[in-house]
$ cat work30.tsv   # TSV, C-alpha atoms
chain	number	residue	atom	x	y	z
A	26	MET	CA	-21.83	-10.41	-0.35
A	27	SER	CA	-22.59	-9.02	3.11
A	28	ARG	CA	-19.86	-7.24	5.02
A	29	SER	CA	-19.91	-9.91	7.74
A	30	ALA	CA	-19.36	-12.62	5.13
A	31	LEU	CA	-16.53	-10.61	3.57
A	32	VAL	CA	-14.84	-10.19	6.96
A	33	GLY	CA	-15.18	-13.94	7.53
A	34	ASN	CA	-13.67	-14.76	4.13
A	35	VAL	CA	-10.72	-12.41	4.63
A	36	THR	CA	-10.13	-13.77	8.14
A	37	ALA	CA	-10.12	-17.36	6.83
A	38	MET	CA	-7.72	-16.39	4.05
A	39	LEU	CA	-5.30	-14.82	6.53
A	40	GLU	CA	-5.44	-17.88	8.77
A	41	ASP	CA	-4.68	-20.08	5.75
A	42	ALA	CA	-1.68	-17.83	5.12
A	43	GLY	CA	-0.35	-18.53	8.61
A	44	PHE	CA	-1.54	-15.38	10.39
A	45	THR	CA	-2.97	-15.35	13.88
A	46	VAL	CA	-6.10	-13.22	13.54
A	47	SER	CA	-7.85	-11.34	16.33
A	48	ASP	CA	-11.56	-11.38	17.00
A	49	ARG	CA	-13.46	-8.72	15.12
A	50	CYS	CA	-13.16	-5.38	16.89
A	51	ALA	CA	-16.48	-4.46	18.50
A	52	ILE	CA	-15.45	-1.15	20.09
A	53	ARG	CA	-17.01	1.95	18.55
A	54	PRO	CA	-15.82	4.12	17.01
A	55	LYS	CA	-13.39	1.68	15.44
A	56	SER	CA	-10.74	2.32	12.84
A	57	PHE	CA	-9.96	-1.32	11.97
A	58	ASP	CA	-11.88	-4.59	11.95
A	59	VAL	CA	-9.21	-7.20	12.72
A	60	ALA	CA	-5.52	-7.37	13.53
A	61	ALA	CA	-3.35	-10.18	12.18
A	62	ARG	CA	0.20	-11.23	12.98
A	63	ARG	CA	2.60	-13.56	11.20
A	64	GLY	CA	6.13	-13.50	12.55
A	65	ARG	CA	7.21	-9.87	12.63
A	66	ASP	CA	4.43	-8.72	10.30
A	67	LEU	CA	1.48	-7.06	12.04
A	68	LEU	CA	-1.51	-5.97	9.96
A	69	LEU	CA	-4.41	-3.70	10.89
A	70	LEU	CA	-7.22	-4.41	8.44
A	71	LYS	CA	-10.34	-2.52	7.53
A	72	ILE	CA	-12.64	-4.70	5.43
A	73	LEU	CA	-15.29	-3.02	3.30
A	74	ALA	CA	-17.50	-3.91	0.37
A	75	ASN	CA	-17.30	-0.34	-0.97
A	76	VAL	CA	-13.94	1.28	-0.23
A	77	ASP	CA	-15.40	4.74	-0.80
A	78	ALA	CA	-16.82	4.36	2.73
A	79	PHE	CA	-13.25	4.60	4.07
A	80	ASP	CA	-12.98	8.21	5.18
A	81	ASP	CA	-10.13	10.54	6.04
A	82	THR	CA	-10.67	10.28	9.80
A	83	THR	CA	-10.41	6.49	9.72
A	84	GLY	CA	-7.37	6.62	7.46
A	85	LEU	CA	-5.65	9.06	9.80
A	86	GLU	CA	-6.37	6.89	12.83
A	87	MET	CA	-5.14	3.71	11.11
A	88	ARG	CA	-1.93	5.43	10.04
A	89	ARG	CA	-1.34	6.66	13.58
A	90	LEU	CA	-1.93	3.19	15.00
A	91	GLY	CA	0.41	1.75	12.39
A	92	ASP	CA	3.14	4.13	13.53
A	93	TYR	CA	2.55	3.40	17.22
A	94	LEU	CA	2.43	-0.40	16.83
A	95	ASP	CA	4.92	-0.82	13.97
A	96	ALA	CA	2.03	-2.28	11.97
A	97	THR	CA	0.83	-2.00	8.38
A	98	PRO	CA	-2.67	-0.54	7.90
A	99	ILE	CA	-4.48	-2.10	4.94
A	100	VAL	CA	-7.97	-1.86	3.51
A	101	VAL	CA	-9.43	-4.93	1.78
A	102	GLY	CA	-12.46	-4.18	-0.36
A	103	LEU	CA	-14.48	-5.27	-3.36
A	104	ARG	CA	-15.23	-2.10	-5.28
A	105	THR	CA	-15.57	1.65	-5.46
A	106	ARG	CA	-18.83	3.34	-6.28
A	107	ASP	CA	-17.99	3.14	-9.98
A	108	GLU	CA	-16.07	-0.11	-10.51
A	109	ASP	CA	-14.72	-3.33	-9.06
A	110	LEU	CA	-11.15	-3.29	-7.79
A	111	GLU	CA	-8.77	-4.90	-10.27
A	112	PRO	CA	-6.81	-7.97	-9.13
A	113	GLY	CA	-3.07	-7.46	-8.86
A	114	VAL	CA	-3.39	-3.68	-8.37
A	115	VAL	CA	-2.68	-1.65	-5.22
A	116	TYR	CA	-5.01	1.30	-4.68
A	117	PHE	CA	-4.83	4.00	-2.02
A	118	ARG	CA	-7.35	5.76	0.16
A	119	HIS	CA	-6.17	8.52	2.51
A	120	GLY	CA	-2.61	7.21	2.52
A	121	VAL	CA	-3.57	3.57	3.23
A	122	PRO	CA	-2.99	0.74	0.70
A	123	VAL	CA	-6.21	-0.84	-0.60
A	124	LEU	CA	-6.33	-4.40	-2.00
A	125	SER	CA	-9.04	-6.56	-3.51
A	126	PRO	CA	-9.51	-9.97	-1.83
A	127	ASP	CA	-7.83	-11.61	-4.84
A	128	THR	CA	-4.80	-9.32	-4.55
A	129	ALA	CA	-4.63	-9.97	-0.79
A	130	MET	CA	-4.71	-13.73	-1.40
A	131	GLU	CA	-1.95	-13.50	-4.00
A	132	LEU	CA	0.17	-11.46	-1.59
A	133	PHE	CA	-0.37	-13.29	1.68
A	134	VAL	CA	-1.09	-16.88	0.59
A	135	GLU	CA	0.84	-17.22	-2.67
A	136	GLY	CA	3.63	-14.74	-1.91
A	137	MET	CA	3.06	-12.80	-5.15
A	138	THR	CA	3.84	-9.14	-4.48
A	139	PRO	CA	1.80	-6.79	-6.70
A	140	LEU	CA	3.62	-4.82	-9.37
A	141	VAL	CA	0.91	-2.36	-10.39
A	142	TYR	CA	-0.59	0.52	-8.44
A	143	ALA	CA	-3.34	3.00	-9.24
A	144	ALA	CA	-2.73	6.75	-9.14
A	145	PRO	CA	-4.35	9.78	-10.77
A	146	GLY	CA	-4.14	9.25	-14.50
A	147	GLY	CA	-4.09	5.46	-14.60
A	148	LEU	CA	-2.07	2.41	-13.60
A	149	TYR	CA	1.67	2.58	-12.93
A	150	VAL	CA	4.64	0.38	-12.06
A	151	ASN	CA	8.02	0.89	-10.41
A	152	ILE	CA	10.82	0.95	-12.96
A	153	ASP	CA	14.14	-0.39	-11.69
A	154	GLY	CA	16.25	2.49	-12.94
A	155	ASP	CA	19.59	0.71	-12.44
A	156	VAL	CA	18.48	-2.27	-14.52
A	157	LEU	CA	17.12	0.02	-17.24
A	158	HIS	CA	20.39	1.97	-17.33
A	159	ASP	CA	22.47	-1.22	-17.55
A	160	GLU	CA	20.30	-2.68	-20.31
A	161	ARG	CA	20.48	0.54	-22.32
A	162	GLU	CA	24.27	0.68	-22.02
A	163	LYS	CA	24.61	-3.00	-22.99
A	164	ARG	CA	23.08	-2.05	-26.32
A	165	ASP	CA	25.23	1.08	-26.52
A	166	TRP	CA	22.12	3.23	-26.82
A	167	SER	CA	22.10	6.89	-25.86
A	168	LEU	CA	19.29	8.42	-23.84
A	169	GLY	CA	18.11	10.06	-27.04
A	170	GLN	CA	17.95	6.77	-28.95
A	171	LEU	CA	15.82	5.12	-26.28
A	172	ALA	CA	13.65	8.22	-26.07
A	173	ASN	CA	13.01	8.03	-29.81
A	174	GLU	CA	12.08	4.35	-29.56
A	175	LEU	CA	9.58	5.11	-26.79
A	176	GLY	CA	8.28	8.34	-28.29
A	177	VAL	CA	9.14	10.35	-25.17
A	178	SER	CA	11.66	13.03	-24.31
A	179	ARG	CA	15.28	12.38	-23.39
A	180	ARG	CA	14.54	13.94	-20.01
A	181	THR	CA	11.76	11.43	-19.37
A	182	VAL	CA	14.09	8.49	-20.03
A	183	SER	CA	16.63	10.05	-17.67
A	184	LYS	CA	13.92	10.28	-15.00
A	185	TYR	CA	13.02	6.62	-15.51
A	186	GLU	CA	16.65	5.74	-14.83
A	187	ASP	CA	16.59	7.97	-11.75
A	188	GLY	CA	13.63	6.01	-10.37
A	189	MET	CA	10.55	7.75	-11.76
A	190	ASN	CA	7.65	5.34	-12.15
A	191	ALA	CA	6.08	4.64	-15.53
A	192	SER	CA	2.69	3.78	-16.91
A	193	VAL	CA	1.94	0.10	-17.44
A	194	GLU	CA	1.99	0.67	-21.20
A	195	VAL	CA	5.49	2.17	-21.15
A	196	ALA	CA	6.77	-0.56	-18.84
A	197	LEU	CA	5.45	-3.29	-21.15
A	198	GLU	CA	7.07	-1.58	-24.12
A	199	LEU	CA	10.41	-1.37	-22.29
A	200	GLU	CA	10.29	-5.01	-21.21
A	201	ASP	CA	9.44	-6.10	-24.74
A	202	MET	CA	12.26	-3.96	-26.11
A	203	PHE	CA	14.88	-5.31	-23.69
A	204	GLU	CA	13.38	-8.81	-23.38
A	205	GLY	CA	13.46	-8.89	-19.60
A	206	ASP	CA	11.89	-7.69	-16.36
A	207	LEU	CA	12.47	-4.04	-15.53
A	208	THR	CA	9.86	-3.57	-12.82
A	209	SER	CA	10.07	-3.89	-9.04
A	210	PRO	CA	7.17	-4.81	-6.74
A	211	VAL	CA	5.09	-2.52	-4.55
A	212	ASP	CA	6.13	-3.23	-0.96
A	213	VAL	CA	2.68	-3.29	0.63
A	214	LEU	CA	3.96	-4.55	3.99
A	215	ASP	CA	6.17	-1.48	4.23
A	216	GLY	CA	3.18	0.76	3.59
A	217	ALA	CA	3.95	1.08	-0.14
A	218	GLU	CA	5.87	4.22	0.74
A	219	GLU	CA	7.84	4.11	-2.51
A	220	VAL	CA	4.68	4.90	-4.48
A	221	ARG	CA	2.21	6.24	-1.92
A	222	GLU	CA	1.40	9.90	-2.26
A	223	GLY	CA	0.20	11.38	0.97
A	224	ASP	CA	1.01	13.65	3.85
A	225	PRO	CA	3.15	12.32	6.67
A	226	THR	CA	1.26	10.99	9.66
A	227	PRO	CA	0.20	14.03	11.72
A	228	GLU	CA	1.37	14.58	15.26
A	229	ASP	CA	-0.65	13.30	18.20
A	230	PRO	CA	-3.66	15.38	19.20
A	231	ASP	CA	-3.69	17.06	22.59
A	232	PRO	CA	-5.16	14.89	25.35
A	233	GLU	CA	-8.69	15.62	26.45
A	234	SER	CA	-8.99	17.53	29.71
A	235	ASN	CA	-10.21	14.45	31.59
A	236	ASP	CA	-7.14	12.51	30.48
A	237	GLU	CA	-4.44	15.10	31.12
A	238	ARG	CA	-3.64	13.93	34.66
A	239	ILE	CA	-3.32	10.28	33.57
A	240	VAL	CA	-1.13	11.24	30.62
A	241	THR	CA	1.10	13.32	32.91
A	242	VAL	CA	1.52	10.48	35.41
A	243	LEU	CA	2.34	7.91	32.72
A	244	THR	CA	4.77	10.26	30.99
A	245	ARG	CA	6.61	10.96	34.25
A	246	ALA	CA	6.83	7.21	34.81
A	247	GLY	CA	8.73	6.89	31.53
A	248	PHE	CA	5.95	5.74	29.22
A	249	GLU	CA	5.51	7.08	25.71
A	250	VAL	CA	1.85	8.09	25.64
A	251	HIS	CA	-0.27	8.63	22.53
A	252	PRO	CA	-3.58	10.36	23.42
$ encode --input "work30.tsv" --output "structure tokens"
Amino acid sequence: MSRSALVGNVTAMLEDAGFTVSDRCAIRPKSFDVAARRGRDLLLLKILANVDAFDDTTGLEMRRLGDYLDATPIVVGLRTRDEDLEPGVVYFRHGVPVLSPDTAMELFVEGMTPLVYAAPGGLYVNIDGDVLHDEREKRDWSLGQLANELGVSRRTVSKYEDGMNASVEVALELEDMFEGDLTSPVDVLDGAEEVREGDPTPEDPDPESNDERIVTVLTRAGFEVHP
């Protein structure tokens, strides 16, 4: 699929989901392809066939724009160099959430928030530590008993109850053991900050010399200026 066709498909999907979608950005250099708004949700989307083309500079710019505009930067893509993106999984590139088109459709059209995210070492989920603690105490199990059942240390179980995330395999074992849901979704529209590993958005760069006078005038007039 060509990139233009992919952009068209994603745009149509967002419109079906009730978003108002901008024209494709034609200014170069550009950090995002389209902006989309639905109610209070504002998205800045970069749409790529191969998400490995999303570089650090673009990620930094999208994160800055997200901060300035109270928007969520998102990359929608088909694959990496080595593999297709899995449906239902949130990936990350340079601090920005990355979704496959199927995952984006589930989130924006069907309202199904993803539960799984990719990080070094595999696929992980958010464990609801309070629910896990309550379920363990209902069965009058000690931390050590649950640790033995899982084949992990007592300290690891304690960390799960304190909010540490778990591998998909451990989460499935816990849910089978307690016969209920113990996971919480990845809040993509909030930047997935509960699972995203990355540096905070850097401070604004200094204005270029040609812009300094304009920035000074606008700042004195009471505007918040981002060079």
$ atom_distance --input "work30.tsv" --atom1 "CA of Leu73 in chain A" --atom2 "CA of Tyr93 in chain A"
23.5 Å
$ closest_residue --input "work30.tsv" --among "A:Ser47, A:Ser27, A:Ser56, A:Thr97" --to "Ala74 in chain A" --atoms "all atoms listed in the file"
A:Ser27
$ closest_atom_pairs --input "work30.tsv" --of "range 76-106 of chain A" --to "range 118-130 of chain A" --cutoff "7 Å" --atoms "all atoms listed in the file" --output "tab-separated table"
residue	atom	partner	partner_atom	distance
A:Asp81	CA	A:His119	CA	5.7
A:Gly84	CA	A:His119	CA	5.4
A:Pro98	CA	A:Val121	CA	6.3
A:Ile99	CA	A:Pro122	CA	5.3
A:Val100	CA	A:Val123	CA	4.6
A:Val101	CA	A:Leu124	CA	4.9
A:Gly102	CA	A:Ser125	CA	5.2
A:Leu103	CA	A:Ser125	CA	5.6
$ closest_residue --input "work30.tsv" --among "A:Val156, A:Leu214, A:Ala60, A:Ile239" --to "Leu199 in chain A" --atoms "all atoms listed in the file"
A:Val156
$ atom_distance --input "work30.tsv" --atom1 "CA of Leu148 in chain A" --atom2 "CA of Tyr116 in chain A"
9.5 Å
$ atom_distance --input "work30.tsv" --atom1 "CA of Gly188 in chain A" --atom2 "CA of Leu168 in chain A"
14.8 Å
$ residues_around --input "work30.tsv" --residues "Ser209 in chain A" --least-positions-apart "5" --cutoff "10 Å" --atoms "all atoms listed in the file" --output "list in words"
Thr138, Pro139, Leu140, Val141, Val150, Asn151, Ile152, Asp153 and Gly154 of chain A
$ closest_residue --input "work30.tsv" --among "A:Val32, A:Val177, A:Val193, A:Leu39" --to "Arg63 in chain A" --atoms "only C-alpha atoms"
A:Leu39
$ closest_residue --input "work30.tsv" --among "A:Asp159, A:Asp215, A:Glu174, A:Asp187" --to "Arg65 in chain A" --atoms "only C-alpha atoms"
A:Asp215
$ closest_residue --input "work30.tsv" --among "A:Leu157, A:Val35, A:Met26, A:Val182" --to "Gly169 in chain A" --atoms "only C-alpha atoms"
A:Val182
$ closest_residue --input "work30.tsv" --among "A:Glu135, A:Arg164, A:Val115, A:Ser178" --to "Gly147 in chain A" --atoms "all atoms listed in the file"
A:Val115
$ residues_around --input "work30.tsv" --residues "Val46 in chain A" --least-positions-apart "2" --cutoff "7 Å" --atoms "only C-alpha atoms" --output "ChimeraX atom specification"
/A:36,40,44,48,59-62
